[in-house]
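A.B. asks: Got a structure here, written out as structure tokens. Questions coming.
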Amino acid sequence: MEDITDFFISIIHESHSADMAEATFRQALVDDSYLRKRYREYCREQGYSERSGFLDFCHEYMDGQDERWDSLSDYDDEE
């Protein structure tokens with residue numbers, strides 16, 4: 001499943017918001033039957049619903065990125 005999460009991350013990086021990333025992902029699902037199959041498997045394995053699986057991943061990923069920046073600013077504040 002690593003490759004599908006890499007695909008998710010690439011969409012997130014190319015988009016300016018979670019909503020835009022989700023729209024791009026939804027269009028990719030329409031266009032690619034193999035991706036739809038992989039996405040169903042991913043959701044089943046991760047315990048996500050197909051309706052919100054990508055958006056849930058997107059929010060978790062973005063929150064993780066925010067935490068990284070927060071930890072860097074905490075380090076800068078100590079100096």
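As shown in the structure tokens, the chain order sets the letters A, B, ...; within each chain, residues go from 1, and ligands are also counted from 1 in the order they appear.
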Report as a compact mmCIF listing (two decimals) with N, CA and C atoms, in the first residue's frame all protein, DNA and RNA residues lying within 8 Å of A:Ala18, evaluated on only C-alpha atoms, omitting residues in the same chain fewer than 5 positions from it.
C.D. replies:
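Output contents, as saved in part26.txt:
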```txt
# COMPACT_ATOMS: atom_id res chain seq x y z
N ILE A 12 -1.49 15.81 -2.51
CA ILE A 12 -1.55 16.82 -1.45
C ILE A 12 -0.53 17.92 -1.71
N LEU A 55 -9.71 11.84 2.31
CA LEU A 55 -9.74 13.07 3.09
C LEU A 55 -9.23 12.84 4.51
N CYS A 58 -5.57 12.71 4.21
CA CYS A 58 -5.11 14.07 3.91
C CYS A 58 -5.00 14.89 5.20
N HIS A 59 -6.04 14.86 6.02
CA HIS A 59 -6.03 15.63 7.26
C HIS A 59 -4.95 15.11 8.22
```
A.B. asks: What does the distance from atom CA of A:Gly53 to atom CA of A:Arg40 come to in Å, to one decimal?
C.D. replies: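 Distance between the two atoms: 9.2 Å.
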A.B. asks: Identify which of the residues A:Ser10, A:Gln65, A:Gln27, A:Thr5 lies closest to A:Tyr39, counting only C-alpha atoms when measuring atom-to-atom distances.
C.D. replies: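 Smallest separation from A:Tyr39 among the options: A:Thr5.
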A.B. asks: Could you check how far atom CA of A:Arg44 sits from atom CA of A:Ile11, in Å to one decimal?
C.D. replies: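 Atom CA of A:Ile11 lies at a distance of 20.9 Å from atom CA of A:Arg44.
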A.B. asks: For A:Leu29, which residue among A:Glu14, A:Gln46, A:Phe7, A:Tyr61 is the nearest when counting only C-alpha atoms?
C.D. replies: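 That would be A:Phe7, the residue with the smallest distance to A:Leu29.
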